[in-house]
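Peer 1: Sharing work17.cif, mmCIF, C-alpha atoms:
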```
data_final
#
loop_
_atom_site.label_atom_id
_atom_site.label_comp_id
_atom_site.auth_asym_id
_atom_site.auth_seq_id
_atom_site.Cartn_x
_atom_site.Cartn_y
_atom_site.Cartn_z
CA MET A 268 160.71 51.35 18.59
CA ALA A 269 159.60 51.16 22.20
CA LYS A 270 155.93 51.13 22.93
CA LYS A 271 154.54 54.41 24.16
CA ALA A 272 153.54 53.98 27.81
CA ARG A 273 149.81 53.95 28.50
CA VAL A 274 148.48 54.49 31.98
CA LEU A 275 144.92 54.33 33.26
CA VAL A 276 144.07 56.61 36.15
CA ALA A 277 140.95 55.42 37.92
CA LYS A 278 138.59 56.46 40.68
CA VAL A 279 136.00 54.06 42.00
CA GLY A 280 132.89 54.69 44.05
CA CYS A 281 131.59 58.05 45.24
CA ASP A 282 134.87 59.78 46.05
CA ILE A 283 134.81 63.26 44.53
CA HIS A 284 138.39 64.29 45.35
CA GLU A 285 140.06 64.46 41.95
CA ARG A 286 142.88 66.90 42.65
CA GLY A 287 145.55 64.24 43.16
CA ALA A 288 144.47 62.21 40.17
CA LEU A 289 144.32 65.25 37.89
CA THR A 290 147.75 66.41 39.03
CA LEU A 291 149.31 63.05 38.27
CA ILE A 292 147.53 62.82 34.93
CA ASN A 293 149.38 65.96 33.87
CA VAL A 294 152.66 64.72 35.33
CA PHE A 295 152.41 61.47 33.38
CA ARG A 296 151.46 63.33 30.20
CA ASP A 297 154.43 65.67 30.57
CA ALA A 298 156.63 62.62 30.97
CA GLY A 299 155.51 61.48 27.51
CA MET A 300 152.86 58.93 28.45
CA GLU A 301 149.36 58.49 27.11
CA VAL A 302 147.04 58.80 30.06
CA ILE A 303 143.48 57.56 30.08
CA TYR A 304 141.18 58.74 32.83
CA THR A 305 137.91 56.96 33.32
CA GLY A 306 136.50 59.75 35.47
CA ARG A 307 134.80 59.53 38.82
CA TYR A 308 132.04 57.19 40.01
CA GLN A 309 133.28 54.11 38.24
CA SER A 310 132.94 50.48 39.28
CA GLU A 311 135.89 48.14 39.63
CA GLU A 312 134.58 46.07 36.74
CA GLY A 313 134.27 49.15 34.53
CA VAL A 314 137.83 50.21 35.35
CA VAL A 315 139.25 46.81 34.48
CA ASN A 316 137.27 46.62 31.25
CA ALA A 317 138.63 49.99 30.26
CA ALA A 318 142.17 48.92 31.16
CA VAL A 319 141.82 45.88 28.89
CA THR A 320 140.33 47.66 25.89
CA GLU A 321 142.93 50.38 26.22
CA ASP A 322 145.71 47.78 26.72
CA VAL A 323 147.39 49.88 29.38
CA ASP A 324 150.68 49.17 31.08
CA LEU A 325 149.46 50.26 34.49
CA ILE A 326 146.31 50.98 36.47
CA ALA A 327 146.73 53.81 38.97
CA VAL A 328 143.87 53.91 41.47
CA SER A 329 143.08 57.08 43.39
CA ASP A 330 140.88 57.24 46.48
CA LEU A 331 140.60 59.53 49.48
CA THR A 332 137.84 57.83 51.41
CA GLY A 333 140.03 55.12 52.88
CA SER A 334 138.62 52.45 50.58
CA LEU A 335 141.76 51.52 48.63
CA VAL A 336 142.05 48.04 50.16
CA ILE A 337 138.49 47.14 49.15
CA ILE A 338 138.79 48.74 45.70
CA CYS A 339 142.17 47.26 44.80
CA ARG A 340 141.14 43.82 46.01
CA LYS A 341 138.16 43.87 43.65
CA ILE A 342 140.26 45.21 40.78
CA LEU A 343 142.87 42.48 41.24
CA GLU A 344 140.15 39.83 41.43
CA GLU A 345 138.58 41.11 38.23
CA LEU A 346 141.97 41.15 36.49
CA ARG A 347 142.53 37.55 37.54
CA ARG A 348 139.08 36.57 36.34
CA LEU A 349 139.84 37.99 32.91
CA GLU A 350 143.33 36.45 32.96
CA MET A 351 144.87 39.88 32.38
CA ASP A 352 148.10 40.68 34.14
CA ILE A 353 148.16 44.48 34.40
CA PRO A 354 150.15 46.01 37.29
CA VAL A 355 148.22 48.15 39.79
CA ILE A 356 149.41 51.02 41.98
CA CYS A 357 147.35 53.21 44.25
CA GLY A 358 147.39 56.56 45.94
CA GLY A 359 145.38 58.49 48.48
CA LEU A 360 144.25 57.93 52.04
CA LEU A 361 146.23 55.00 53.41
CA THR A 362 147.07 53.62 56.83
CA LYS A 363 150.26 51.61 57.44
CA LYS A 364 148.14 48.50 57.66
CA ASP A 365 146.46 49.35 54.37
CA VAL A 366 149.86 49.52 52.69
CA THR A 367 150.88 46.12 54.09
CA ASP A 368 147.60 44.55 53.00
CA LEU A 369 147.79 46.12 49.56
CA ILE A 370 151.36 45.03 48.89
CA ASP A 371 150.49 41.53 50.15
CA MET A 372 147.60 41.23 47.71
CA GLY A 373 149.79 42.25 44.79
CA VAL A 374 149.56 46.03 44.42
CA LYS A 375 152.98 47.20 43.21
CA ALA A 376 153.21 50.50 45.07
CA CYS A 377 151.23 52.75 47.39
CA PHE A 378 151.47 56.53 47.63
CA GLY A 379 149.85 58.07 50.68
CA THR A 380 148.80 61.69 50.83
CA GLY A 381 151.88 63.91 50.84
CA SER A 382 153.93 61.53 48.72
CA SER A 383 156.47 63.08 46.42
CA ILE A 384 155.41 63.37 42.79
CA ASP A 385 158.95 62.55 41.66
CA GLU A 386 158.94 59.33 43.67
CA CYS A 387 155.62 58.34 42.13
CA LEU A 388 156.71 59.18 38.59
CA CYS A 389 159.96 57.29 39.10
CA LYS A 390 158.11 54.18 40.20
CA VAL A 391 155.62 54.44 37.35
CA LYS A 392 158.42 54.75 34.81
CA GLU A 393 160.05 51.69 36.31
CA ILE A 394 156.86 49.65 36.05
CA VAL A 395 155.99 50.69 32.48
CA GLY A 396 159.57 50.26 31.34
CA MET A 397 160.60 53.83 30.49
CA MET B 50 147.95 37.48 28.94
CA GLY B 51 151.69 37.97 28.39
CA GLU B 52 153.33 37.77 25.01
CA LEU B 53 150.94 36.32 22.48
CA HIS B 54 151.90 34.35 19.44
CA ILE B 55 150.39 36.19 16.47
CA PRO B 56 148.48 33.21 15.02
CA ASP B 57 147.02 32.60 18.53
CA LEU B 58 146.02 36.22 18.76
CA ILE B 59 144.31 36.08 15.37
CA GLY B 60 142.61 32.85 16.39
CA ARG B 61 141.21 34.47 19.51
CA LEU B 62 140.13 37.53 17.53
CA SER B 63 138.20 35.35 15.12
CA LYS B 64 136.37 33.85 18.08
CA GLY B 65 135.35 37.32 19.24
CA ASP B 66 137.64 37.49 22.29
CA TRP B 67 137.48 41.22 23.12
CA ARG B 68 140.45 40.94 25.46
CA VAL B 69 142.89 40.45 22.62
CA LEU B 70 141.31 43.17 20.49
CA GLY B 71 142.98 45.71 22.77
CA ARG B 72 146.34 44.02 22.24
CA ALA B 73 145.83 43.75 18.47
CA ILE B 74 145.11 47.48 18.34
CA THR B 75 148.36 48.20 20.18
CA ILE B 76 150.33 46.11 17.69
CA VAL B 77 148.74 47.85 14.70
CA GLU B 78 149.02 51.35 16.17
CA ASN B 79 152.68 50.95 17.04
CA ASN B 80 153.78 49.08 13.90
CA PHE B 81 154.91 46.13 15.96
CA GLU B 82 155.87 42.72 14.72
CA GLY B 83 152.76 40.94 13.51
CA LYS B 84 150.97 44.05 12.33
CA ASP B 85 150.90 43.01 8.70
CA GLN B 86 149.49 39.57 9.50
CA ILE B 87 146.82 41.07 11.73
CA LEU B 88 145.83 43.70 9.19
CA ASP B 89 145.72 41.15 6.39
CA TYR B 90 143.40 39.01 8.48
CA ALA B 91 141.27 42.03 9.43
CA TYR B 92 140.98 43.25 5.84
CA ARG B 93 139.88 39.83 4.60
CA THR B 94 137.29 39.37 7.32
CA ALA B 95 136.05 42.99 7.46
CA ARG B 96 132.28 43.29 7.28
CA GLU B 97 131.00 45.74 4.72
CA ASP B 98 127.69 46.30 6.49
CA CYS B 99 128.98 48.14 9.54
CA PHE B 100 127.97 51.74 9.76
CA ILE B 101 130.85 54.13 10.40
CA ILE B 102 130.11 57.61 11.68
CA GLY B 103 132.80 60.27 11.95
CA ILE B 104 132.18 62.92 14.59
CA THR B 105 134.41 65.93 14.56
CA GLY B 106 134.40 69.49 15.87
CA ALA B 107 136.29 71.89 18.08
CA SER B 108 136.94 70.96 21.69
CA GLY B 109 134.22 72.13 24.01
CA ALA B 110 131.45 71.57 21.48
CA GLY B 111 130.33 68.49 23.40
CA LYS B 112 131.37 65.68 21.04
CA SER B 113 132.09 63.13 23.75
CA THR B 114 128.89 63.80 25.66
CA LEU B 115 126.98 63.53 22.40
CA ILE B 116 128.68 60.26 21.54
CA ASP B 117 127.80 58.91 24.97
CA LYS B 118 124.11 59.50 24.21
CA VAL B 119 124.40 58.16 20.66
CA ILE B 120 125.98 54.96 22.01
CA LYS B 121 123.03 54.64 24.39
CA ALA B 122 120.57 55.07 21.52
CA TYR B 123 122.22 52.40 19.36
CA ARG B 124 122.54 50.04 22.30
CA SER B 125 118.82 50.32 22.94
CA MET B 126 118.41 49.05 19.35
CA GLY B 127 120.60 46.08 20.19
CA LYS B 128 123.52 47.25 18.06
CA ARG B 129 127.10 46.50 19.04
CA VAL B 130 129.13 49.70 19.11
CA GLY B 131 132.84 50.29 18.66
CA VAL B 132 134.33 53.70 19.49
CA ILE B 133 137.60 55.22 18.32
CA ALA B 134 138.33 58.41 20.29
CA VAL B 135 141.25 60.58 19.25
CA ASP B 136 142.81 63.35 21.34
CA PRO B 137 145.80 65.55 20.54
CA SER B 138 149.28 64.44 21.57
CA SER B 139 151.78 67.01 22.77
CA PRO B 140 154.28 67.75 20.01
CA TYR B 141 156.92 68.38 22.71
CA THR B 142 156.59 65.46 25.10
CA GLY B 143 154.66 63.04 22.93
CA GLY B 144 152.33 62.52 25.86
CA ALA B 145 148.58 62.91 25.79
CA VAL B 146 145.60 63.07 28.10
CA LEU B 147 143.03 60.81 26.50
CA GLY B 148 139.95 62.04 28.25
CA ASP B 149 137.12 61.37 25.82
CA ARG B 150 135.94 58.31 27.60
CA ILE B 151 135.34 60.23 30.84
CA ARG B 152 132.01 61.21 29.33
CA MET B 153 131.23 57.65 28.22
CA GLY B 154 131.69 56.13 31.66
CA MET B 155 128.25 54.55 31.83
CA HIS B 156 129.19 52.10 29.08
CA ASN B 157 132.29 50.63 30.71
CA ARG B 158 130.46 47.58 31.95
CA ASP B 159 128.48 47.01 28.76
CA MET B 160 130.04 44.17 26.79
CA GLY B 161 128.29 45.45 23.68
CA VAL B 162 130.45 48.59 23.67
CA PHE B 163 134.19 48.76 23.00
CA ILE B 164 135.99 52.07 23.48
CA ARG B 165 139.62 52.76 22.62
CA SER B 166 141.44 56.06 22.96
CA PHE B 167 144.20 57.27 20.65
CA GLY B 168 146.68 60.13 20.74
CA SER B 169 147.12 61.94 17.45
CA ARG B 170 150.85 61.15 17.69
CA GLY B 171 152.12 63.91 15.49
CA SER B 172 149.65 63.49 12.67
CA LEU B 173 148.76 66.82 11.03
CA GLY B 174 145.13 65.99 10.46
CA GLY B 175 144.69 64.98 14.05
CA ILE B 176 144.21 61.26 13.35
CA SER B 177 147.17 58.93 13.38
CA GLN B 178 147.65 56.42 10.59
CA GLY B 179 147.31 53.74 13.21
CA ALA B 180 143.84 54.85 14.24
CA LYS B 181 142.70 54.65 10.60
CA GLU B 182 144.10 51.16 10.22
CA VAL B 183 142.38 50.07 13.41
CA LEU B 184 139.09 50.60 11.60
CA TYR B 185 139.71 47.32 9.79
CA LEU B 186 140.09 45.56 13.11
CA TYR B 187 136.76 46.98 14.23
CA LYS B 188 135.06 46.02 10.99
CA SER B 189 136.39 42.51 11.31
CA PHE B 190 135.44 42.19 14.97
CA GLY B 191 131.83 42.69 14.03
CA PHE B 192 130.57 45.97 15.41
CA ASP B 193 127.30 47.14 13.88
CA VAL B 194 128.12 50.80 14.41
CA ILE B 195 131.55 52.41 14.68
CA LEU B 196 131.85 55.92 16.07
CA PHE B 197 135.04 57.72 15.13
CA GLU B 198 135.63 60.82 17.20
CA SER B 199 138.34 63.29 16.33
CA LEU B 200 139.36 66.88 16.79
CA GLY B 201 139.59 67.66 13.16
CA VAL B 202 138.03 70.93 12.22
CA GLY B 203 140.03 73.31 10.05
CA GLN B 204 143.18 71.23 10.11
CA ALA B 205 145.49 70.06 7.37
CA GLU B 206 143.93 66.77 6.39
CA THR B 207 140.25 66.35 5.87
CA ASP B 208 140.52 62.80 4.64
CA ILE B 209 138.56 61.39 7.58
CA THR B 210 135.63 61.51 5.18
CA ASN B 211 137.07 58.66 3.13
CA PHE B 212 137.20 56.44 6.17
CA VAL B 213 133.67 56.92 7.40
CA ASP B 214 130.19 56.59 5.89
CA VAL B 215 128.81 59.78 7.38
CA THR B 216 130.68 62.80 8.76
CA ALA B 217 129.05 64.94 11.44
CA VAL B 218 130.54 68.23 12.56
CA VAL B 219 129.52 69.37 16.03
CA LEU B 220 129.25 73.06 16.78
CA ALA B 221 128.26 74.83 19.97
CA PRO B 222 126.80 78.34 20.15
CA GLY B 223 129.02 80.93 21.72
CA ASN B 224 132.23 79.68 20.10
CA GLY B 225 133.17 82.90 18.36
CA ASP B 226 134.84 81.35 15.37
CA ASN B 227 132.00 78.99 14.51
CA ILE B 228 131.26 80.41 11.11
CA GLN B 229 134.95 80.55 10.24
CA LEU B 230 135.08 76.86 10.95
CA ALA B 231 132.03 76.27 8.86
CA LYS B 232 133.77 77.85 5.92
CA ALA B 233 137.34 76.60 6.26
CA GLY B 234 136.99 73.20 4.63
CA THR B 235 134.60 71.61 7.07
CA GLN B 236 131.66 72.55 4.93
CA GLU B 237 133.04 70.26 2.29
CA ILE B 238 133.39 67.36 4.66
CA ALA B 239 130.28 67.75 6.79
CA ASP B 240 127.28 65.65 5.84
CA ILE B 241 125.53 66.75 8.99
CA PHE B 242 126.05 69.79 11.19
CA VAL B 243 125.04 69.21 14.77
CA ILE B 244 124.34 72.31 16.83
CA ASN B 245 124.86 71.06 20.35
CA LYS B 246 123.97 72.95 23.56
CA ALA B 247 120.87 73.99 21.65
CA ASP B 248 119.18 75.04 24.86
CA ARG B 249 121.32 78.19 24.73
CA PRO B 250 119.69 81.32 23.28
CA GLU B 251 122.42 81.83 20.63
CA ALA B 252 121.70 78.44 19.10
CA GLU B 253 118.99 79.73 16.80
CA THR B 254 121.26 82.52 15.55
CA LEU B 255 123.99 80.03 14.83
CA CYS B 256 121.55 77.89 12.92
CA ILE B 257 120.48 80.81 10.74
CA GLN B 258 124.07 81.89 10.15
CA LEU B 259 125.02 78.38 9.18
CA LEU B 260 122.13 78.07 6.75
CA SER B 261 123.16 81.30 5.05
CA THR B 262 126.59 79.81 4.28
CA PHE B 263 124.81 77.11 2.27
CA ASP B 264 123.32 79.58 -0.20
CA MET B 265 126.03 78.92 -2.76
CA ILE B 266 125.57 75.17 -2.61
CA PRO B 267 122.98 73.43 -4.79
CA GLU B 268 120.14 72.19 -2.63
CA GLU B 269 120.71 68.44 -3.04
CA GLN B 270 124.31 68.84 -1.90
CA ARG B 271 123.62 70.88 1.21
CA PRO B 272 124.58 69.36 4.55
CA MET B 273 121.79 68.57 6.96
CA ILE B 274 121.47 70.51 10.21
CA THR B 275 120.08 69.33 13.49
CA LYS B 276 120.03 70.57 17.06
CA THR B 277 120.87 68.64 20.19
CA ALA B 278 121.32 69.30 23.88
CA ALA B 279 123.41 66.27 24.72
CA THR B 280 123.55 66.78 28.46
CA GLU B 281 119.73 66.91 28.48
CA ASN B 282 119.51 63.92 26.14
CA LYS B 283 117.54 66.02 23.66
CA GLY B 284 117.64 65.67 19.89
CA ILE B 285 119.47 62.34 19.99
CA ASP B 286 116.76 60.27 18.31
CA GLU B 287 116.49 62.88 15.57
CA LEU B 288 120.26 62.76 15.11
CA VAL B 289 120.24 58.97 14.82
CA GLU B 290 117.49 59.25 12.22
CA LEU B 291 119.61 61.75 10.29
CA PHE B 292 122.57 59.38 10.36
CA LYS B 293 120.37 56.78 8.72
CA LYS B 294 119.06 59.28 6.17
CA ALA B 295 122.58 60.48 5.36
CA SER B 296 123.89 56.97 4.86
CA VAL B 297 121.22 56.33 2.26
CA LYS B 298 121.93 59.66 0.55
CA LEU B 299 125.66 58.94 0.46
CA LEU B 300 125.42 55.34 -0.75
CA PRO B 301 126.49 56.23 -4.33
CA PHE B 302 129.74 57.70 -2.99
CA ARG B 303 130.79 54.58 -1.11
CA SER B 304 132.84 53.13 -3.95
CA THR B 305 134.64 56.42 -4.68
CA LYS B 306 135.54 56.74 -1.02
CA LYS B 307 136.74 53.17 -0.91
CA GLN B 308 138.91 53.78 -3.97
CA ALA B 309 140.49 56.86 -2.38
CA ARG B 310 141.00 55.06 0.90
CA ILE B 311 142.65 52.00 -0.61
CA GLU B 312 144.85 54.20 -2.79
CA ASN B 313 145.91 56.09 0.32
CA GLU B 314 146.66 52.90 2.20
CA VAL B 315 148.78 51.42 -0.57
CA PHE B 316 150.67 54.69 -0.90
CA ILE B 317 151.29 55.13 2.83
CA GLY B 318 152.27 51.50 3.20
CA ALA B 319 154.76 51.71 0.34
CA THR B 320 156.17 54.99 1.65
CA ARG B 321 156.69 53.48 5.07
CA TYR B 322 158.39 50.44 3.55
CA PHE B 323 160.75 52.70 1.62
CA GLU B 324 161.45 54.94 4.57
CA GLN B 325 162.75 52.00 6.55
CA LYS B 326 165.04 50.94 3.72
CA LEU B 327 166.28 54.46 3.11
CA ARG B 328 167.12 55.29 6.74
CA SER B 329 170.01 52.92 7.11
CA LYS B 330 171.40 53.63 3.63
CA ALA B 331 171.22 57.37 4.34
CA ARG B 332 173.20 56.85 7.52
CA THR B 333 176.02 55.13 5.64
CA LEU B 334 176.09 57.78 2.93
CA ALA B 335 176.10 60.54 5.54
CA ALA B 336 179.38 59.14 6.84
CA ASP B 337 180.81 59.39 3.31
CA VAL B 338 179.63 63.00 3.01
CA LEU B 339 181.20 63.90 6.33
CA ALA B 340 184.42 62.25 5.17
CA GLY B 341 184.39 64.67 2.25
CA LYS B 342 183.80 62.10 -0.48
CA LEU B 343 180.70 63.77 -1.90
CA THR B 344 178.11 66.47 -1.16
CA PRO B 345 174.82 65.63 0.58
CA PHE B 346 172.97 66.44 -2.63
CA GLU B 347 175.10 64.07 -4.68
CA ALA B 348 174.53 61.44 -2.01
CA ALA B 349 170.77 61.93 -2.22
CA VAL B 350 170.70 61.53 -5.99
CA GLN B 351 172.97 58.49 -5.77
CA LEU B 352 170.67 56.86 -3.23
CA GLY B 353 167.54 57.77 -5.17
CA GLU B 354 168.88 56.33 -8.43
CA LYS B 355 169.99 53.14 -6.73
CA ILE B 356 166.55 52.28 -5.38
CA TYR B 357 164.49 53.54 -8.28
CA ILE B 358 163.37 50.54 -10.25
CA MET B 359 159.90 51.54 -11.32
CA ASP B 360 159.07 52.03 -14.98
#
```
The structure in this file should be written as structure tokens.
Peer 2:
Amino acid sequence: MAKKARVLVAKVGCDIHERGALTLINVFRDAGMEVIYTGRYQSEEGVVNAAVTEDVDLIAVSDLTGSLVIICRKILEELRRLEMDIPVICGGLLTKKDVTDLIDMGVKACFGTGSSIDECLCKVKEIVGM
Amino acid sequence: MGELHIPDLIGRLSKGDWRVLGRAITIVENNFEGKDQILDYAYRTAREDCFIIGITGASGAGKSTLIDKVIKAYRSMGKRVGVIAVDPSSPYTGGAVLGDRIRMGMHNRDMGVFIRSFGSRGSLGGISQGAKEVLYLYKSFGFDVILFESLGVGQAETDITNFVDVTAVVLAPGNGDNIQLAKAGTQEIADIFVINKADRPEAETLCIQLLSTFDMIPEEQRPMITKTAATENKGIDELVELFKKASVKLLPFRSTKKQARIENEVFIGATRYFEQKLRSKARTLAADVLAGKLTPFEAAVQLGEKIYIMD
């Protein structure tokens, strides 16, 4: 039997804008996935620890303060430090340069504000193997 | 980490590598290849001196916030804490929002705390078989205290009590059906009733109402009651004291619980083993039935008699 997909939705730092994250949490749940949300005001280290204990298939980072490059870089570094190879995607406030930088550093996909939910779900399903 | 060889995984577990504990839990929860080896190892190395607390209650009562504060209290005593948090899975999509750990966010960077979230995955009592089996992994890993959170009040199975040392039921004033819950089976399983959000005016009324439901119970068997206001961090030390008191009080029941638990595990394990064997045979026989060779009921008896070899 195939493993049930587990996704961690994460917000790091002082960004309070949860609407996008909460919407996608429900979308993923309705698609049959188990979704863990670590809540707001987390640290990159805390997010990665949670991803490891929860053995998730994907970390989905949400941020609307324009900090995704900084946050994802730290998350990827922490994953490397722990020798854990969990794919990361991100969504929120992104410039074109942000997207280039993020893909270069190893983030699998970026969804700027206004992205289609279907597109995002499709990509997530592809990554987690559904 | 990639695909891990099971003996390597067990080796790393025995050395206390928390990174593979998450993977081991996945294997056990999903019945993957290697589960039996892992569970055998966990059972043999399980510590008997870990303290397991079951925390149940309707959603909105504040269980997760309470657990967050209880974790903090045990951590300040230097105890290592393992948390199993169960949330309901959708019976339609199979998906689940596992949000308990939102309230435990302050512990994510503490290496002395390990939190894992589970969906109920169709289990009637609200706790999947997998989550119960994971308890062995936690006992083997060496946590001093294990907190088992579930949404289990008034549901079909109340057997969580056999898996934990102390069961606490959390209530919050203002939930209209509180006393119904207190009667419908939870009274039998609760060792401690925790009235959370005790800063609310209706808390005292709830306490009195709850006490009145104990009138029929002999005094020594009555559950303990305590009040907390988790968001204000009030009543937590008293609660931790009560946990200790309850564990002493319930010590004589430990072996009965263990008996019931082991019996359950052997039964479920055997049932699962049989189910696998029966599925494919049933499929073949179904083809015969559809071809008109026999009725489904004859097929069932035929199959049953073929595999029945017990005395």
Peer 1: Distance atom CA of B:Ser166-atom CA of B:Asn79, one decimal place?
Peer 2: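 Atom CA of B:Asn79 lies 13.7 Å from atom CA of B:Ser166.
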Peer 1: Fewer than 2 positions away in the same chain doesn't count, so skip those; otherwise give me all residues within 8 Å of B:Pro140, counting only C-alpha atoms, as a PyMOL selection string.
Peer 2: chain B and resi 138+142-143+170-171
Peer 1: Can those selected residues be exported to a file as a PDB file, in the coordinates of the input so that it contains C-alpha atoms?
Peer 2:
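Ended up saving to again.pdb:
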```
ATOM      1  CA  SER B 138     149.280  64.440  21.570  1.00  0.00           C
ATOM      2  CA  THR B 142     156.590  65.460  25.100  1.00  0.00           C
ATOM      3  CA  GLY B 143     154.660  63.040  22.930  1.00  0.00           C
ATOM      4  CA  ARG B 170     150.850  61.150  17.690  1.00  0.00           C
ATOM      5  CA  GLY B 171     152.120  63.910  15.490  1.00  0.00           C
TER       6      GLY B 171
END
```
Peer 1: Which residues are near A:Leu349? Cut-off 12 Å, only C-alpha atoms, ignore same chain within fewer than 5 positions. Put them as a PyMOL selection string.
Peer 2: (chain A and resi 312+315-316+318-320+342-344) or (chain B and resi 50+66-69)
Peer 1: Any chance you could resolve the PyMOL selection byres ((chain B) within 12 of (chain A)) against this file and give the residues as a PyMOL selection string?
Peer 2: chain B and resi 50-52+66-82+131-170
Peer 1: Work out how far apart atom CA of B:Lys246 and atom CA of B:Val219 are and give it in Å to one decimal.
Peer 2: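 Rounded to one decimal, the two atoms are 10.0 Å apart.
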Peer 1: Taking into account all atoms listed in the file, which residue in the set B:Leu186, B:Val338, B:Ala247, B:Met273 is nearest to B:Val218?
Peer 2: B:Met273
Peer 1: Report as a list in words the residues that result from applying the PyMOL selection byres ((chain B and resi 190) around 8) to the structure here.
Peer 2: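 Answer for the PyMOL selection byres ((chain B and resi 190) around 8): Leu62, Ser63, Gly65, Ala95, Leu186, Tyr187, Lys188, Ser189, Gly191 and Phe192 of chain B.
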Peer 1: Just the selected residues (C-alpha atoms), exported as an mmCIF file, in the frame of the given file, please.
Peer 2:
```cif
data_model
loop_
_atom_site.group_PDB
_atom_site.id
_atom_site.type_symbol
_atom_site.label_atom_id
_atom_site.label_comp_id
_atom_site.auth_asym_id
_atom_site.auth_seq_id
_atom_site.Cartn_x
_atom_site.Cartn_y
_atom_site.Cartn_z
ATOM 1 C CA LEU B 62 140.130 37.530 17.530
ATOM 2 C CA SER B 63 138.200 35.350 15.120
ATOM 3 C CA GLY B 65 135.350 37.320 19.240
ATOM 4 C CA ALA B 95 136.050 42.990 7.460
ATOM 5 C CA LEU B 186 140.090 45.560 13.110
ATOM 6 C CA TYR B 187 136.760 46.980 14.230
ATOM 7 C CA LYS B 188 135.060 46.020 10.990
ATOM 8 C CA SER B 189 136.390 42.510 11.310
ATOM 9 C CA GLY B 191 131.830 42.690 14.030
ATOM 10 C CA PHE B 192 130.570 45.970 15.410
#
```
Peer 1: List as an NGL selection string the protein and nucleic acid residues near A:Glu393, meaning an atom at most 12 Å away when only C-alpha atoms are counted, but skip any in the same chain fewer than 5 places from it.
Peer 2: :A and (272 or 324-325 or 354 or 375-376 or 386-388)
Peer 1: Would you compute the distance between atom CA of B:Ile104 and atom CA of B:Leu196? Give it in Å to one decimal.
Peer 2: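 So the two atoms, atom CA of B:Ile104 and atom CA of B:Leu196, lie 7.2 Å apart.
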Peer 1: Closest to B:Lys326 among B:Lys307, B:Lys84, B:Arg271, B:Lys355, using all atoms listed in the file?
Peer 2: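 Closest residue, counting all atoms listed in the file: B:Lys355.
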Peer 1: Which residues are close to A:Ile384, i.e. within 10 Å by all atoms listed in the file, leaving aside same-chain residues fewer than 4 positions away? Reply as a list in words.
Peer 2: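 Selected residues are Gly287, Thr290, Leu291, Val294, Phe378, Leu388, Cys389 and Lys390 of chain A.
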Peer 1: Please enumerate the residues selected by the PyMOL selection byres ((chain B and resi 279) around 10) when evaluated against the supplied file, formatted as JSON, numbers by chain.
Peer 2: {"B": [111, 112, 113, 114, 115, 116, 117, 118, 119, 244, 245, 246, 247, 248, 276, 277, 278, 280, 281, 282, 283, 284, 285]}
Peer 1: Which is closer to A:Cys339 than all the others in A:Lys278, A:Lys364, A:Lys392, A:Leu289, using all atoms listed in the file?
Peer 2: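 Under the stated criterion, the closest residue is A:Lys278.
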Peer 1: Give me stretch 61-71 of chain B from this structure - N, CA and C atoms, as a compact mmCIF listing (two decimals), in the first residue's frame.
Peer 2:
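Written output follows (part29.txt):
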```
# COMPACT_ATOMS: atom_id res chain seq x y z
N ARG B 61 20.81 2.46 14.44
CA ARG B 61 20.82 3.90 14.73
C ARG B 61 19.83 4.24 15.84
N LEU B 62 18.71 3.52 15.87
CA LEU B 62 17.73 3.74 16.94
C LEU B 62 18.35 3.42 18.29
N SER B 63 19.08 2.30 18.32
CA SER B 63 19.66 1.88 19.60
C SER B 63 20.70 2.87 20.09
N LYS B 64 21.26 3.66 19.15
CA LYS B 64 22.24 4.66 19.56
C LYS B 64 21.57 6.00 19.90
N GLY B 65 20.22 6.01 19.83
CA GLY B 65 19.50 7.22 20.19
C GLY B 65 19.44 8.27 19.10
N ASP B 66 19.58 7.84 17.81
CA ASP B 66 19.52 8.80 16.71
C ASP B 66 18.07 9.18 16.44
N TRP B 67 17.65 10.37 16.89
CA TRP B 67 16.25 10.79 16.80
C TRP B 67 15.79 10.94 15.34
N ARG B 68 16.75 11.11 14.44
CA ARG B 68 16.36 11.32 13.04
C ARG B 68 15.70 10.08 12.46
N VAL B 69 16.14 8.91 12.86
CA VAL B 69 15.54 7.71 12.31
C VAL B 69 14.29 7.28 13.07
N LEU B 70 14.08 7.86 14.23
CA LEU B 70 12.86 7.53 14.99
C LEU B 70 11.64 7.92 14.16
N GLY B 71 11.71 9.08 13.51
CA GLY B 71 10.61 9.52 12.65
C GLY B 71 10.35 8.51 11.55
```
